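Here is entry.cif, consisting of mmCIF, C-alpha atoms (C1' of nucleotides):
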data_model
#
loop_
_atom_site.group_PDB
_atom_site.id
_atom_site.type_symbol
_atom_site.label_atom_id
_atom_site.label_comp_id
_atom_site.auth_asym_id
_atom_site.auth_seq_id
_atom_site.Cartn_x
_atom_site.Cartn_y
_atom_site.Cartn_z
ATOM 1 C CA MET J 1 110.588 102.158 105.331
ATOM 2 C CA PRO J 2 110.773 101.742 109.039
ATOM 3 C CA GLU J 3 113.610 103.275 111.013
ATOM 4 C CA LEU J 4 114.462 102.592 114.631
ATOM 5 C CA PRO J 5 111.326 104.232 116.141
ATOM 6 C CA GLU J 6 108.914 102.402 113.838
ATOM 7 C CA VAL J 7 110.617 99.063 114.423
ATOM 8 C CA GLU J 8 110.419 99.708 118.168
ATOM 9 C CA ILE J 9 106.651 100.280 117.858
ATOM 10 C CA VAL J 10 106.242 97.077 115.834
ATOM 11 C CA LYS J 11 108.387 95.166 118.334
ATOM 12 C CA ARG J 12 106.261 96.312 121.280
ATOM 13 C CA SER J 13 102.962 95.344 119.716
ATOM 14 C CA LEU J 14 104.393 92.041 118.504
ATOM 15 C CA LYS J 15 105.787 91.303 121.967
ATOM 16 C CA ASN J 16 102.441 92.041 123.634
ATOM 17 C CA ASN J 17 100.824 89.408 121.471
ATOM 18 C CA VAL J 18 103.299 86.578 120.967
ATOM 19 C CA LYS J 19 105.580 86.390 124.009
ATOM 20 C CA TYR J 20 105.368 82.902 125.588
ATOM 21 C CA LYS J 21 102.975 81.803 122.852
ATOM 22 C CA LYS J 22 103.548 78.539 120.994
ATOM 23 C CA ILE J 23 103.962 78.455 117.223
ATOM 24 C CA LYS J 24 101.619 75.822 115.771
ATOM 25 C CA LYS J 25 102.389 76.152 112.100
ATOM 26 C CA VAL J 26 104.300 78.258 109.574
ATOM 27 C CA ILE J 27 103.056 78.807 106.034
ATOM 28 C CA ILE J 28 105.238 80.528 103.447
ATOM 29 C CA SER J 29 103.739 81.469 100.108
ATOM 30 C CA ASN J 30 106.772 83.284 98.697
ATOM 31 C CA ARG J 31 110.278 82.488 99.933
ATOM 32 C CA ASN J 32 111.940 85.111 97.739
ATOM 33 C CA LEU J 33 112.374 88.009 100.095
ATOM 34 C CA ARG J 34 115.615 90.009 100.168
ATOM 35 C CA PHE J 35 117.302 86.712 100.969
ATOM 36 C CA LYS J 36 115.666 83.391 100.177
ATOM 37 C CA ILE J 37 113.983 82.018 103.285
ATOM 38 C CA GLN J 38 115.987 79.052 104.559
ATOM 39 C CA LYS J 39 114.612 75.530 104.036
ATOM 40 C CA LYS J 40 114.799 74.836 107.749
ATOM 41 C CA PHE J 41 112.696 77.911 108.582
ATOM 42 C CA GLU J 42 109.321 76.230 109.133
ATOM 43 C CA ASN J 43 110.672 73.312 111.169
ATOM 44 C CA THR J 44 112.822 75.577 113.312
ATOM 45 C CA LEU J 45 109.787 77.604 114.378
ATOM 46 C CA LYS J 46 107.097 74.932 114.523
ATOM 47 C CA GLY J 47 106.228 73.772 118.031
ATOM 48 C CA ARG J 48 108.472 76.385 119.710
ATOM 49 C CA LEU J 49 107.601 78.988 122.273
ATOM 50 C CA ILE J 50 108.665 82.566 121.661
ATOM 51 C CA LEU J 51 110.682 83.393 124.763
ATOM 52 C CA SER J 52 111.492 86.990 123.945
ATOM 53 C CA VAL J 53 110.881 89.692 121.368
ATOM 54 C CA GLU J 54 113.692 92.212 121.191
ATOM 55 C CA ARG J 55 115.037 94.847 118.844
ATOM 56 C CA PHE J 56 118.480 95.930 117.725
ATOM 57 C CA SER J 57 118.577 98.919 115.385
ATOM 58 C CA LYS J 58 115.991 98.201 112.679
ATOM 59 C CA TYR J 59 115.909 94.467 113.370
ATOM 60 C CA ILE J 60 113.457 92.431 115.463
ATOM 61 C CA ILE J 61 114.890 89.373 117.210
ATOM 62 C CA LEU J 62 112.717 86.468 118.360
ATOM 63 C CA THR J 63 114.278 84.043 120.835
ATOM 64 C CA LEU J 64 112.815 80.570 120.404
ATOM 65 C CA SER J 65 112.538 77.829 123.026
ATOM 66 C CA ASN J 66 115.055 75.679 121.110
ATOM 67 C CA ASN J 67 117.690 78.364 121.768
ATOM 68 C CA LYS J 68 117.593 79.471 118.167
ATOM 69 C CA TYR J 69 116.827 82.964 116.937
ATOM 70 C CA CYS J 70 114.621 84.390 114.238
ATOM 71 C CA LEU J 71 115.819 87.721 112.887
ATOM 72 C CA ILE J 72 113.271 89.933 111.139
ATOM 73 C CA HIS J 73 113.966 92.986 108.995
ATOM 74 C CA LEU J 74 111.043 94.887 107.494
ATOM 75 C CA GLY J 75 113.003 96.416 104.609
ATOM 76 C CA MET J 76 111.185 99.340 103.009
ATOM 77 C CA SER J 77 107.646 98.016 102.916
ATOM 78 C CA GLY J 78 107.327 95.111 105.371
ATOM 79 C CA THR J 79 104.416 95.110 107.836
ATOM 80 C CA LEU J 80 103.099 92.669 110.433
ATOM 81 C CA HIS J 81 99.428 92.000 111.072
ATOM 82 C CA LEU J 82 97.477 89.882 113.520
ATOM 83 C CA VAL J 83 94.380 87.956 112.471
ATOM 84 C CA ARG J 84 92.289 86.180 115.133
ATOM 85 C CA TYR J 85 90.473 82.942 114.402
ATOM 86 C CA ASP J 86 87.278 84.219 116.077
ATOM 87 C CA LYS J 87 84.032 84.449 114.115
ATOM 88 C CA LYS J 88 84.742 88.021 113.136
ATOM 89 C CA GLY J 89 88.313 87.264 112.019
ATOM 90 C CA THR J 90 89.395 90.267 114.090
ATOM 91 C CA PHE J 91 92.214 92.104 112.340
ATOM 92 C CA THR J 92 94.879 94.171 114.100
ATOM 93 C CA ASN J 93 97.817 96.064 112.623
ATOM 94 C CA LEU J 94 101.003 95.500 114.568
ATOM 95 C CA SER J 95 102.871 97.958 112.351
ATOM 96 C CA PHE J 96 103.083 101.732 112.183
ATOM 97 C CA TYR J 97 101.587 101.635 108.708
ATOM 98 C CA HIS J 98 97.914 100.808 108.796
ATOM 99 C CA SER J 99 95.353 99.201 106.575
ATOM 100 C CA LYS J 100 91.727 98.444 107.377
ATOM 101 C CA THR J 101 91.895 94.801 106.473
ATOM 102 C CA LEU J 102 94.592 92.303 105.646
ATOM 103 C CA PRO J 103 96.099 93.335 102.301
ATOM 104 C CA LYS J 104 95.031 91.114 99.418
ATOM 105 C CA LYS J 105 98.490 90.748 97.897
ATOM 106 C CA HIS J 106 102.029 90.137 99.187
ATOM 107 C CA ASN J 107 101.191 88.183 102.340
ATOM 108 C CA HIS J 108 104.345 86.064 102.218
ATOM 109 C CA ILE J 109 104.528 84.474 105.664
ATOM 110 C CA LYS J 110 101.867 83.263 108.095
ATOM 111 C CA ILE J 111 102.944 82.222 111.582
ATOM 112 C CA LYS J 112 100.037 80.432 113.240
ATOM 113 C CA PHE J 113 99.351 80.310 116.966
ATOM 114 C CA SER J 114 96.385 78.659 118.695
ATOM 115 C CA LYS J 115 94.038 81.649 118.622
ATOM 116 C CA PHE J 116 95.539 83.900 115.956
ATOM 117 C CA MET J 117 98.167 84.179 113.271
ATOM 118 C CA ILE J 118 100.815 86.764 112.475
ATOM 119 C CA VAL J 119 100.983 87.712 108.802
ATOM 120 C CA TYR J 120 104.041 89.268 107.160
ATOM 121 C CA ASN J 121 103.199 91.475 104.199
ATOM 122 C CA ASP J 122 105.867 93.063 102.021
ATOM 123 C CA PRO J 123 105.150 94.378 98.484
ATOM 124 C CA ARG J 124 108.748 95.246 97.619
ATOM 125 C CA ARG J 125 110.293 92.217 99.359
ATOM 126 C CA PHE J 126 113.316 94.111 100.671
ATOM 127 C CA GLY J 127 112.660 92.653 104.113
ATOM 128 C CA PHE J 128 113.794 89.223 105.308
ATOM 129 C CA PHE J 129 113.468 86.532 107.960
ATOM 130 C CA LYS J 130 116.595 84.600 108.945
ATOM 131 C CA ILE J 131 117.291 81.813 111.434
ATOM 132 C CA PHE J 132 120.397 81.839 113.621
ATOM 133 C CA ASN J 133 121.351 78.588 115.352
ATOM 134 C CA ASN J 134 122.973 80.185 118.385
ATOM 135 C CA GLN J 135 123.816 83.449 120.083
ATOM 136 C CA LYS J 136 127.328 83.569 118.652
ATOM 137 C CA THR J 137 126.303 83.555 115.004
ATOM 138 C CA LEU J 138 123.661 86.169 115.756
ATOM 139 C CA LYS J 139 126.227 88.344 117.525
ATOM 140 C CA ASP J 140 128.664 87.939 114.635
ATOM 141 C CA TYR J 141 125.990 89.170 112.255
ATOM 142 C CA PHE J 142 125.964 92.513 114.069
ATOM 143 C CA SER J 143 129.708 92.667 114.701
ATOM 144 C CA ARG J 144 130.272 95.519 112.261
ATOM 145 C CA SER J 145 127.184 97.510 113.284
ATOM 146 C CA GLY J 146 127.722 100.834 114.974
ATOM 147 C CA PRO J 147 126.108 101.536 118.350
ATOM 148 C CA GLU J 148 122.424 102.387 118.369
ATOM 149 C CA ALA J 149 121.874 106.134 118.205
ATOM 150 C CA THR J 150 119.752 105.887 121.367
ATOM 151 C CA SER J 151 122.393 104.009 123.377
ATOM 152 C CA ASN J 152 125.042 105.381 125.745
ATOM 153 C CA LYS J 153 127.721 103.997 123.443
ATOM 154 C CA PHE J 154 126.773 106.656 120.934
ATOM 155 C CA ASN J 155 128.394 109.533 122.805
ATOM 156 C CA TYR J 156 130.627 112.525 122.165
ATOM 157 C CA LYS J 157 133.889 110.624 122.450
ATOM 158 C CA TYR J 158 132.748 107.903 120.046
ATOM 159 C CA LEU J 159 131.271 110.262 117.475
ATOM 160 C CA LYS J 160 134.283 112.560 117.519
ATOM 161 C CA SER J 161 136.588 109.615 116.830
ATOM 162 C CA LYS J 162 134.516 108.586 113.802
ATOM 163 C CA LEU J 163 134.036 112.048 112.295
ATOM 164 C CA ILE J 164 137.684 112.984 112.389
ATOM 165 C CA ASN J 165 139.402 113.256 108.986
ATOM 166 C CA LYS J 166 136.333 111.863 107.226
ATOM 167 C CA GLU J 167 135.572 113.246 103.758
ATOM 168 C CA LYS J 168 132.058 111.788 103.696
ATOM 169 C CA ASN J 169 129.177 114.212 104.222
ATOM 170 C CA ILE J 170 127.392 114.131 107.547
ATOM 171 C CA LYS J 171 124.087 112.925 106.166
ATOM 172 C CA ASN J 172 125.585 109.833 104.558
ATOM 173 C CA PHE J 173 127.464 109.289 107.802
ATOM 174 C CA LEU J 174 124.240 109.241 109.835
ATOM 175 C CA LEU J 175 122.707 106.801 107.351
ATOM 176 C CA ASP J 176 125.702 104.453 107.513
ATOM 177 C CA GLN J 177 124.686 101.722 109.968
ATOM 178 C CA ASN J 178 128.335 100.797 110.495
ATOM 179 C CA TYR J 179 128.934 104.124 112.231
ATOM 180 C CA VAL J 180 125.609 104.517 114.012
ATOM 181 C CA SER J 181 122.604 102.189 113.935
ATOM 182 C CA GLY J 182 118.932 102.965 113.633
ATOM 183 C CA ILE J 183 118.821 106.276 111.763
ATOM 184 C CA GLY J 184 117.195 106.273 108.313
ATOM 185 C CA ASN J 185 116.395 108.944 105.764
ATOM 186 C CA ILE J 186 113.571 110.744 107.564
ATOM 187 C CA TYR J 187 115.298 111.000 110.907
ATOM 188 C CA ALA J 188 118.682 111.905 109.392
ATOM 189 C CA ASN J 189 117.004 114.942 107.819
ATOM 190 C CA GLU J 190 115.195 115.868 111.016
ATOM 191 C CA ILE J 191 118.231 115.399 113.276
ATOM 192 C CA LEU J 192 120.394 117.643 111.071
ATOM 193 C CA PHE J 193 117.717 120.319 111.170
ATOM 194 C CA TYR J 194 117.663 120.291 114.975
ATOM 195 C CA CYS J 195 121.478 120.536 114.934
ATOM 196 C CA LYS J 196 121.419 123.374 112.368
ATOM 197 C CA ILE J 197 123.933 121.459 110.271
ATOM 198 C CA ASN J 198 123.860 121.405 106.476
ATOM 199 C CA PRO J 199 123.529 117.770 105.312
ATOM 200 C CA GLN J 200 126.295 118.288 102.736
ATOM 201 C CA LYS J 201 128.838 119.324 105.370
ATOM 202 C CA LYS J 202 131.869 117.099 105.496
ATOM 203 C CA CYS J 203 132.344 115.109 108.696
ATOM 204 C CA LYS J 204 135.830 116.491 109.223
ATOM 205 C CA LYS J 205 134.404 120.023 109.314
ATOM 206 C CA ILE J 206 131.978 119.291 112.154
ATOM 207 C CA ASN J 207 133.084 121.170 115.263
ATOM 208 C CA LYS J 208 132.858 120.228 118.932
ATOM 209 C CA ASN J 209 129.589 122.021 119.595
ATOM 210 C CA GLN J 210 127.978 120.412 116.544
ATOM 211 C CA THR J 211 129.240 116.967 117.557
ATOM 212 C CA ILE J 212 127.611 117.384 120.961
ATOM 213 C CA LYS J 213 124.397 118.484 119.265
ATOM 214 C CA LEU J 214 124.433 115.484 116.937
ATOM 215 C CA VAL J 215 124.613 113.088 119.870
ATOM 216 C CA LYS J 216 121.933 114.906 121.827
ATOM 217 C CA ASN J 217 119.479 115.494 118.976
ATOM 218 C CA SER J 218 119.804 111.982 117.550
ATOM 219 C CA LYS J 219 118.551 110.650 120.853
ATOM 220 C CA PHE J 220 115.977 113.429 121.230
ATOM 221 C CA VAL J 221 114.413 112.940 117.786
ATOM 222 C CA LEU J 222 114.337 109.128 117.914
ATOM 223 C CA ASN J 223 112.952 109.017 121.458
ATOM 224 C CA LEU J 224 110.273 111.600 120.650
ATOM 225 C CA ALA J 225 109.296 109.593 117.570
ATOM 226 C CA ILE J 226 108.977 106.437 119.669
ATOM 227 C CA LYS J 227 106.861 108.333 122.175
ATOM 228 C CA LEU J 228 104.555 109.460 119.354
ATOM 229 C CA GLY J 229 104.236 105.987 117.873
ATOM 230 C CA GLY J 230 106.604 106.468 114.922
ATOM 231 C CA SER J 231 105.893 108.121 111.578
ATOM 232 C CA SER J 232 103.094 106.986 109.263
ATOM 233 C CA ILE J 233 103.747 109.158 106.236
ATOM 234 C CA ARG J 234 101.596 107.356 103.720
ATOM 235 C CA ASP J 235 98.794 106.403 106.059
ATOM 236 C CA PHE J 236 96.013 108.218 104.222
ATOM 237 C CA LYS J 237 93.367 106.027 105.756
ATOM 238 C CA ASN J 238 93.818 107.599 109.146
ATOM 239 C CA ILE J 239 92.797 104.513 111.070
ATOM 240 C CA SER J 240 91.963 105.387 114.640
ATOM 241 C CA GLY J 241 94.060 103.854 117.342
ATOM 242 C CA LYS J 242 97.705 103.155 116.935
ATOM 243 C CA SER J 243 98.770 105.074 113.872
ATOM 244 C CA GLY J 244 102.055 106.965 114.300
ATOM 245 C CA LEU J 245 101.972 110.706 114.868
ATOM 246 C CA PHE J 246 105.563 111.819 114.397
ATOM 247 C CA GLN J 247 104.849 112.829 110.797
ATOM 248 C CA ASN J 248 103.061 115.836 112.289
ATOM 249 C CA GLU J 249 106.367 116.849 113.864
ATOM 250 C CA PHE J 250 108.403 116.902 110.663
ATOM 251 C CA LYS J 251 110.369 120.138 110.475
ATOM 252 C CA VAL J 252 111.995 119.558 107.077
ATOM 253 C CA TYR J 253 111.120 116.125 105.674
ATOM 254 C CA GLY J 254 108.589 116.507 102.841
ATOM 255 C CA ARG J 255 108.418 120.298 103.364
ATOM 256 C CA GLU J 256 110.063 121.394 100.112
ATOM 257 C CA ASN J 257 109.599 125.119 99.370
ATOM 258 C CA LYS J 258 107.841 125.705 102.678
ATOM 259 C CA ASN J 259 109.043 128.248 105.204
ATOM 260 C CA CYS J 260 111.645 127.271 107.743
ATOM 261 C CA ILE J 261 110.004 127.027 111.154
ATOM 262 C CA THR J 262 113.030 128.372 113.012
ATOM 263 C CA GLU J 263 112.203 131.605 114.788
ATOM 264 C CA ASN J 264 113.421 134.684 112.889
ATOM 265 C CA CYS J 265 114.663 132.540 109.982
ATOM 266 C CA LYS J 266 113.382 133.682 106.595
ATOM 267 C CA GLY J 267 114.695 130.590 104.832
ATOM 268 C CA LYS J 268 112.774 128.051 102.789
ATOM 269 C CA ILE J 269 113.231 124.302 102.839
ATOM 270 C CA SER J 270 115.322 123.007 99.931
ATOM 271 C CA LYS J 271 115.146 119.513 98.491
ATOM 272 C CA ILE J 272 118.232 117.961 96.969
ATOM 273 C CA PHE J 273 119.435 114.411 96.382
ATOM 274 C CA ILE J 274 122.403 113.051 98.292
ATOM 275 C CA SER J 275 123.358 109.563 97.119
ATOM 276 C CA ASN J 276 119.935 109.183 95.534
ATOM 277 C CA ARG J 277 118.119 109.849 98.809
ATOM 278 C CA SER J 278 115.882 112.899 99.073
ATOM 279 C CA THR J 279 117.371 115.428 101.440
ATOM 280 C CA PHE J 280 115.528 118.362 103.011
ATOM 281 C CA PHE J 281 117.136 121.278 104.809
ATOM 282 C CA CYS J 282 116.942 124.987 105.390
ATOM 283 C CA ASN J 283 119.465 126.756 103.205
ATOM 284 C CA LEU J 284 119.766 129.673 105.613
ATOM 285 C CA CYS J 285 119.952 128.317 109.136
ATOM 286 C CA GLN J 286 121.583 124.918 108.528
ATOM 287 C CA LYS J 287 125.266 125.707 108.069
ATOM 288 C "C1'" DC S 1 141.339 101.899 102.775
ATOM 289 C "C1'" DC S 2 137.379 105.466 101.112
ATOM 290 C "C1'" DG S 3 133.221 107.200 98.943
ATOM 291 C "C1'" DT S 4 129.699 106.712 95.478
ATOM 292 C "C1'" DT S 5 126.457 104.269 92.445
ATOM 293 C "C1'" DA S 6 123.450 100.754 90.927
ATOM 294 C "C1'" DA S 7 120.595 97.209 91.980
ATOM 295 C "C1'" DC S 8 117.158 94.624 94.375
ATOM 296 C "C1'" DC S 9 111.181 95.096 93.944
ATOM 297 C "C1'" DT S 10 106.145 96.875 93.605
ATOM 298 C "C1'" DG S 11 102.808 100.491 93.809
ATOM 299 C "C1'" DA S 12 101.150 105.235 94.288
ATOM 300 C "C1'" DG S 13 100.849 109.591 92.367
ATOM 301 C "C1'" DA S 14 101.799 113.173 88.916
ATOM 302 C "C1'" DG S 15 101.619 114.726 84.377
ATOM 303 C "C1'" DC S 16 99.980 114.267 79.865
ATOM 304 C "C1'" DT U 1 90.873 105.736 81.375
ATOM 305 C "C1'" DG U 2 95.476 104.822 80.541
ATOM 306 C "C1'" DC U 3 100.165 105.428 79.553
ATOM 307 C "C1'" DT U 4 104.892 106.832 81.220
ATOM 308 C "C1'" DC U 5 107.730 108.598 84.546
ATOM 309 C "C1'" DT U 6 109.419 109.405 89.230
ATOM 310 C "C1'" DC U 7 109.677 108.406 93.802
ATOM 311 C "C1'" DA U 8 109.371 105.648 98.314
ATOM 312 C "C1'" DG U 9 111.033 105.078 105.652
ATOM 313 C "C1'" DG U 10 116.810 100.061 103.465
ATOM 314 C "C1'" DT U 11 120.880 97.589 102.416
ATOM 315 C "C1'" DT U 12 124.976 96.161 100.000
ATOM 316 C "C1'" DA U 13 127.852 94.438 96.050
ATOM 317 C "C1'" DA U 14 130.613 96.447 92.796
ATOM 318 C "C1'" DC U 15 133.139 100.085 91.089
ATOM 319 C "C1'" DG U 16 136.686 103.964 90.591
#

Is it possible to express this structure as structure tokens?
Amino acid sequence: MPELPEVEIVKRSLKNNVKYKKIKKVIISNRNLRFKIQKKFENTLKGRLILSVERFSKYIILTLSNNKYCLIHLGMSGTLHLVRYDKKGTFTNLSFYHSKTLPKKHNHIKIKFSKFMIVYNDPRRFGFFKIFNNQKTLKDYFSRSGPEATSNKFNYKYLKSKLINKEKNIKNFLLDQNYVSGIGNIYANEILFYCKINPQKKCKKINKNQTIKLVKNSKFVLNLAIKLGGSSIRDFKNISGKSGLFQNEFKVYGRENKNCITENCKGKISKIFISNRSTFFCNLCQK
DNA sequence: CCGTTAACCTGAGAGC
DNA sequence: TGCTCTCAGGTTAACG
């Protein structure tokens, strides 16, 4: 579920709570996430300080005081929660997707600190936790990843070089983490709307002006989403506080058959499937 | 090499 | 109330 902005929000709230804290105990109730959790996982974390909490693309990276790393990916449905050991058992969502209390099912991992624990919940189990023994193996893991859409490395020159002669459509291109990292289905739709590009357009047909727009609007959309706390599209409970607000900014995503919001455009938003992913766009103004 | 499809999972919602 | 069907913010092995 989470794309770069949501993972950034989770990373910030996780960092605020666990940086320089010592892990007392790790309890795993289901090791079968996307990848089986390694046998060494508990012992690698136990007794260590968390020296830093960082993010690359849709991944969270914990640096441990034994110079090892814990990589976290939330998949489609992973969320992190904080439960205090005080009398009230104070519960805090660290994720963009909110619930009132700790979910009853699918709490696979508990990482215990002295005054609270972090709980990883993931119904679909597409997320994973993975230990890396050193910086090199971690770096190698990301060796084929494209630059983050928000970074300076994702610029006109780079994008032009990747689009050239490519038969693939532009939407699948934006979703391909090997070309550009951090964009998922919601933001790919939104970015293409801002660029006025039809998602089915072949990469090789994208012109200079559109390439410039793609770079600019990718950064604009993702940064705005971060500023608004990410998107919480199925947060019906409307918990006060930290719930994401970018869903209110959607121009095309989930707006099938509604009017295009572009000034003077009489178009309606179409929904089609591209590679099994729902795709929303204005048939008139996205060319 | 390239591009597309199926598969991994559970749960919510729609339609009947 | 309950059944069946479709869909969901991600990734990647396998295929043509």

Check: which chain S residues lie within 8 Å of chain J using only C-alpha atoms (C1' of nucleotides), as a VMD selection string: chain S and resid 3 to 5 8 to 10

Distance query region 4-8 of chain U at most 10 Å, all atoms listed in the file, self and fewer than 6 positions along chain excluded, as a PDB file with C-alpha atoms (C1' of nucleotides), in the frame of the given file:
ATOM      1  CA  MET J   1     110.588 102.158 105.331  1.00  0.00           C
ATOM      2  CA  MET J  76     111.185  99.340 103.009  1.00  0.00           C
ATOM      3  CA  SER J  77     107.646  98.016 102.916  1.00  0.00           C
ATOM      4  CA  ARG J 234     101.596 107.356 103.720  1.00  0.00           C
ATOM      5  CA  ARG J 277     118.119 109.849  98.809  1.00  0.00           C
ATOM      6  CA  SER J 278     115.882 112.899  99.073  1.00  0.00           C
TER       7      SER J 278
ATOM      8  C1'  DG S  11     102.808 100.491  93.809  1.00  0.00           C
ATOM      9  C1'  DA S  12     101.150 105.235  94.288  1.00  0.00           C
ATOM     10  C1'  DG S  13     100.849 109.591  92.367  1.00  0.00           C
ATOM     11  C1'  DA S  14     101.799 113.173  88.916  1.00  0.00           C
ATOM     12  C1'  DG S  15     101.619 114.726  84.377  1.00  0.00           C
ATOM     13  C1'  DC S  16      99.980 114.267  79.865  1.00  0.00           C
TER      14       DC S  16
END

Interface, chain J side, toward chain U (12 Å; all atoms listed in the file) as a ChimeraX atom specification: /J:1-7,34-35,58-59,73-78,96-97,124-128,175-178,182-189,230-234,247,253-254,273,276-278

Could the residues in this selection be saved with C-alpha atoms as a compact mmCIF listing (two decimals), keeping the file's coordinate frame?
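Just written: result-v9.txt:
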# COMPACT_ATOMS: atom_id res chain seq x y z
CA MET J 1 110.59 102.16 105.33
CA PRO J 2 110.77 101.74 109.04
CA GLU J 3 113.61 103.28 111.01
CA LEU J 4 114.46 102.59 114.63
CA PRO J 5 111.33 104.23 116.14
CA GLU J 6 108.91 102.40 113.84
CA VAL J 7 110.62 99.06 114.42
CA ARG J 34 115.62 90.01 100.17
CA PHE J 35 117.30 86.71 100.97
CA LYS J 58 115.99 98.20 112.68
CA TYR J 59 115.91 94.47 113.37
CA HIS J 73 113.97 92.99 109.00
CA LEU J 74 111.04 94.89 107.49
CA GLY J 75 113.00 96.42 104.61
CA MET J 76 111.18 99.34 103.01
CA SER J 77 107.65 98.02 102.92
CA GLY J 78 107.33 95.11 105.37
CA PHE J 96 103.08 101.73 112.18
CA TYR J 97 101.59 101.64 108.71
CA ARG J 124 108.75 95.25 97.62
CA ARG J 125 110.29 92.22 99.36
CA PHE J 126 113.32 94.11 100.67
CA GLY J 127 112.66 92.65 104.11
CA PHE J 128 113.79 89.22 105.31
CA LEU J 175 122.71 106.80 107.35
CA ASP J 176 125.70 104.45 107.51
CA GLN J 177 124.69 101.72 109.97
CA ASN J 178 128.34 100.80 110.50
CA GLY J 182 118.93 102.96 113.63
CA ILE J 183 118.82 106.28 111.76
CA GLY J 184 117.20 106.27 108.31
CA ASN J 185 116.40 108.94 105.76
CA ILE J 186 113.57 110.74 107.56
CA TYR J 187 115.30 111.00 110.91
CA ALA J 188 118.68 111.90 109.39
CA ASN J 189 117.00 114.94 107.82
CA GLY J 230 106.60 106.47 114.92
CA SER J 231 105.89 108.12 111.58
CA SER J 232 103.09 106.99 109.26
CA ILE J 233 103.75 109.16 106.24
CA ARG J 234 101.60 107.36 103.72
CA GLN J 247 104.85 112.83 110.80
CA TYR J 253 111.12 116.12 105.67
CA GLY J 254 108.59 116.51 102.84
CA PHE J 273 119.44 114.41 96.38
CA ASN J 276 119.94 109.18 95.53
CA ARG J 277 118.12 109.85 98.81
CA SER J 278 115.88 112.90 99.07

Separation of CA of Ile274 (chain J) from CA of Ser57 (chain J) in Å: 22.5 Å

Straight-line distance linking CA of Gln135 (chain J) with CA of Asn67 (chain J), stated in Å to one decimal: 8.1 Å

Distance of CA of Ser218 (chain J) from CA of Leu159 (chain J), expressed in Å to one decimal place: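 CA of Ser218 (chain J) lies at a distance of 11.6 Å from CA of Leu159 (chain J).
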
Picked residues, the PyMOL selection byres ((chain J and resi 246) around 7), expected as a PyMOL selection string: chain J and resi 225+228-231+244-245+247-250

Non-local contacts of region 21-32 of chain J (7 Å; all atoms listed in the file; under 4 positions in same chain excluded) as a list in words: Lys36, Ile37, Glu42, Leu45, Lys46, Gly47, Arg48, Leu49, Ile50, His108, Ile109, Lys110, Ile111, Lys112, Phe113 and Ser114 of chain J
